[in-house]
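The structure appears right after this line, and notes come after that.
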Amino acid sequence: MIEVRDLYKSYGNTQALQGLSFQVFQGEFFGLLGPNGAGKTTTITILCGLLEPSSGKILIDGRDFNSHRKTLKLKLGLVPQDFAFYPTLSARDNLLFFGRIYGLWGGRLGERVRAVLNIVQLMDHAEETVKTFSNGMKRRLNIGIGLLHEPEILILDEPTVGVDAQSRNAILESLQALNRAGTTLLYTTHYMEEAQRLCHRVGIIDHGQIMALDTPLALIQSLGEGLIRLELNRPIDGILLKELEQKGTIKIVDDEGRKLHLTVRNKEGTLNEFLEHLEKRNIEIKTSDVLGANLETVFLHLTGRHLRDSLV
Amino acid sequence: MVCQIIAIAVKELKVLWHDLEALAVLFAMPMFFILVMSFALEGVFEAGKKGHPIELLIVNLDEGSVSRQAIDDLKRVEGLALIETHHGIPLSIDTVEQLIRGKRYPMALIFQMDFSERILQGKKNMPAQETTVSLMVDPVMSQQLVAPIRGTIQGILERSVLMAQIPQQIKQELARYSGLPLLSGIGKPLEEKFSAQYFKEKGTAGIMFQTIYPRDFKRDRMPTSTEQNVPGYTIFGVFFIVLTLAASFHQEKTDGTFLRILAAPLTKASVLIGKLLPYYFVNLIQIALMFAVGVVVFGMKLGHFSSLVLVSLALAASANGLGLLVASIGKTEAQINSLSVLFAITLGALGGMMVPTFVMPEWMKTLSLFTPHAWALAGYHDVIIRGLGVCEVLPEAGVLLCFACGFFALALWRFRFN
């Protein structure tokens, strides 16, 4: 349904996207998981035709987005990360306005506004000025506006940022319901638990590139039982590296060769064997920790960074 | 596309309605100016000073000594600068009319042919208009400014005429009494001859001093101070839309609503047109309201309605263009606020909203032509004060539209939706 081919985008000397490619299938709940600044919002902005890529192509239903922009835009619904509506107008007035922008008028518009107010559970507050809304209500209205014209593809940019747990749950349930009703969802987030819960497939994005793309389960299973992080007092040599590689996947994550990531099938057994090998070489472990298998750990293993921005 | 434009316009009106404070300022500020300043500044305009003299054109069709003496006396008046030639050629009535119409000079003093001869002959039966001195005045000039200048010129003129007439009169009277004993025979008649009553009956020093307007002045009466002042305040107020408009564009950018709108299948032009239309109409309502106050409260006459509408449409377009330009230049709310105030105040002052351009130094007069305010003021003065029609205000309306096009072109070149 959506095919992103080799997308590049630079802002001056900053490369926001560096050959980004992925596909989203019809009816899929697709997640783009990455920290702030990874290129998620840039990807979405280009996908909605609000920004021109430096190079690359986007196909929607096999048609070039650039050449059929007006028609294809109708298939897309956008839910931006920031609240994008008029706070001095009521919820209904906001919905009426954005509905008209998408060409809805008369009875059909009224019908869609009512339907959306029900979906986002704001019917009782329809006439209230939006600036009086709670954050959760504003988030729901922000999503509702994207649903007005019944888009085939709903693109959501971090739609639950700054929302309390209860509202977040309500939003996620609504999105799952939409997906079950046939809407394709492209969803960006830096909350790994959301991606794990909602998405059929997840693309892990960092520095404008897809680092891995699979189902959440497959990505997590690629870590085996988990991830062991070690920091040694001196770098390991080539022979030791070969010996260690027989015990599991090993990845050196710093330039000096003192920081290692090990993905293993048997955490306890493997760690003991590692320790023995290191002891023989008189290499000491300065720090170590064992992380459970989840998307956060997958991201950490792939990028050396946490999803929420702090460096390892 | 039309539906989408309407949708944007209706939404924008709703947003405006919800920001009552901004609307209140927009309407109250110019109304305040009209009401307070029209009352307070009546008669406060000051005449020219030594450094900035009022330029007085002189048309001397007379070849005699009286007019020459009067001109020499006027030259000695501080605050007046006399101009007798244009491109080296002595001024004619047609030339001064042209120069006053072209707003290059505010007034001209005209001495009729044989003025000196008639004054010196002192023919009792001579019709008054034959010894007339005319002060041709641009009707847009404030009466408060004209009155003292007129008084000064008239006083000096009368003195000059008297100085020329008295020896002549004495000579004539003495001739009547030649051969008689001087003290007993001529004392009383001479006293009567030069009494105040004599000159009152005769007319002011035997001349008639009148104020006239160029021939294109089509009004049946002199313009009132309100008719002269309200257009200026109106234009001043209209340009305050710059702040409201630019701030609203900035708000849409920062809220991300522009981008959300542009995610829909519509053009950027539709967004801009829909967004600008309400401000354009607010400007027109503003203008109507301000002139309505002038008409209802001060009994102002508006002149040719179509001409007034034409100038107003062009004025609102240029104000909106400037607003979009500020929106495209200003990156923050504070920048937009200061830019708007800067444009509104400085362009307004330069364009003659606070001080009439003819009392400005020459370089400022030239600079004022680069403000839409000056052209709008000229347009309104043409309509309201000179009573001119559509064809005659086309140049002003055209220049205002050029300003609008220029502002829009620059704005669109710089404008970003995010």
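Letters for chains follow the order of the structure tokens (A, B, ...), residue numbers begin at 1 for each chain, and ligand numbers begin at 1 in the order shown.
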
Got a sec: who's within 10 Å of Glu194 of chain A, counting only C-alpha atoms, leaving out chain neighbours fewer than 6 positions off, as an mmCIF file with N, CA and C atoms, in the first residue's frame?
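Printed below is out-v4.cif as written:
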```
data_model
loop_
_atom_site.group_PDB
_atom_site.id
_atom_site.type_symbol
_atom_site.label_atom_id
_atom_site.label_comp_id
_atom_site.auth_asym_id
_atom_site.auth_seq_id
_atom_site.Cartn_x
_atom_site.Cartn_y
_atom_site.Cartn_z
ATOM 1 N N GLY A 31 4.655 0.099 12.677
ATOM 2 C CA GLY A 31 5.267 1.049 13.597
ATOM 3 C C GLY A 31 6.660 1.460 13.157
ATOM 4 N N LEU A 33 9.751 2.824 14.981
ATOM 5 C CA LEU A 33 10.221 2.991 16.349
ATOM 6 C C LEU A 33 11.613 3.615 16.331
ATOM 7 N N THR A 160 0.540 9.692 21.428
ATOM 8 C CA THR A 160 0.232 9.576 22.861
ATOM 9 C C THR A 160 1.216 10.337 23.751
ATOM 10 N N ARG A 168 -4.147 7.208 27.433
ATOM 11 C CA ARG A 168 -3.313 6.497 26.468
ATOM 12 C C ARG A 168 -3.955 5.161 26.106
ATOM 13 N N ASN A 169 -4.422 4.474 27.109
ATOM 14 C CA ASN A 169 -5.044 3.182 26.876
ATOM 15 C C ASN A 169 -6.281 3.342 25.984
ATOM 16 N N LEU A 172 -5.137 3.986 22.423
ATOM 17 C CA LEU A 172 -4.588 2.795 21.763
ATOM 18 C C LEU A 172 -5.706 1.814 21.389
ATOM 19 N N TYR A 187 2.446 4.285 12.270
ATOM 20 C CA TYR A 187 2.480 4.830 13.626
ATOM 21 C C TYR A 187 3.923 5.040 14.055
ATOM 22 N N THR A 188 4.263 6.260 14.459
ATOM 23 C CA THR A 188 5.625 6.445 14.969
ATOM 24 C C THR A 188 5.564 6.612 16.483
#
```

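Residue neighbourhood of segment 309-319 of chain B, excluding near-sequence residues (fewer than 3 positions): Val238, Phe239, Ile241, Val242, Tyr280, Asn283, Leu284, Phe305, Ser306, Leu322, Gly323, Ala376, Gly379, Tyr380, Ala397, Leu400, Leu401, Phe403 and Ala404 of chain B, at 7 Å, using only C-alpha atoms.
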
Inset, instruction - At a cut-off of 9 Å, list the chain A residues touching chain B, using only C-alpha atoms, as a ChimeraX atom specification. - result: /A:45,48-50,69-74,76-80,82-89,93-94,96-98,100-103,105

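Between Gln121 of chain B and the residues B:Val161, B:Met141, B:Ile329, B:Ile153, the shortest atom-to-atom distance, using only C-alpha atoms, involves B:Val161.
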
Legend entry - Between atom CA of Lys275 of chain B and atom CA of Leu410 of chain B - distance in Å to one decimal: 17.6 Å

Inset, instruction - Name the closest residue to Asp64 of chain A among the candidates A:Asp206, A:Glu3, A:Glu152, A:Glu158; distances are taken between atoms, counting only C-alpha atoms. - result: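 Closest residue, counting only C-alpha atoms: A:Glu3.
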
Legend entry - Given only C-alpha atoms as the counted atoms, nearest of A:Phe30, A:Asn36, A:Phe65, A:Met1 to Leu198 of chain A: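 Comparing A:Phe30, A:Asn36, A:Phe65, A:Met1 against Leu198 of chain A, the winner is A:Phe30.
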
Legend entry - Within 9 Å of Val202 of chain A using only C-alpha atoms, minus same-chain residues under 3 positions, as a PyMOL selection string: chain A and resi 29-33+195-196+199+212-216+219

Inset, instruction - Could you please write out, as number ranges by chain, every residue of segment 4-226 of chain A that DSSP assigns to alpha helix (DSSP H)? - result: A: 40-47, 69-73, 91-101, 106-119, 135-147, 165-180, 192-198, 216-221

Inset, instruction - Per DSSP on the backbone, filter segment 133-237 of chain A down to the residues in strand (DSSP E) and report them as number ranges by chain. - result: A: 153-157, 184-189, 201-206, 209-214, 226-232

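Between atom CA of Ile60 of chain A and atom CA of Thr184 of chain A there is a distance of 11.9 Å.
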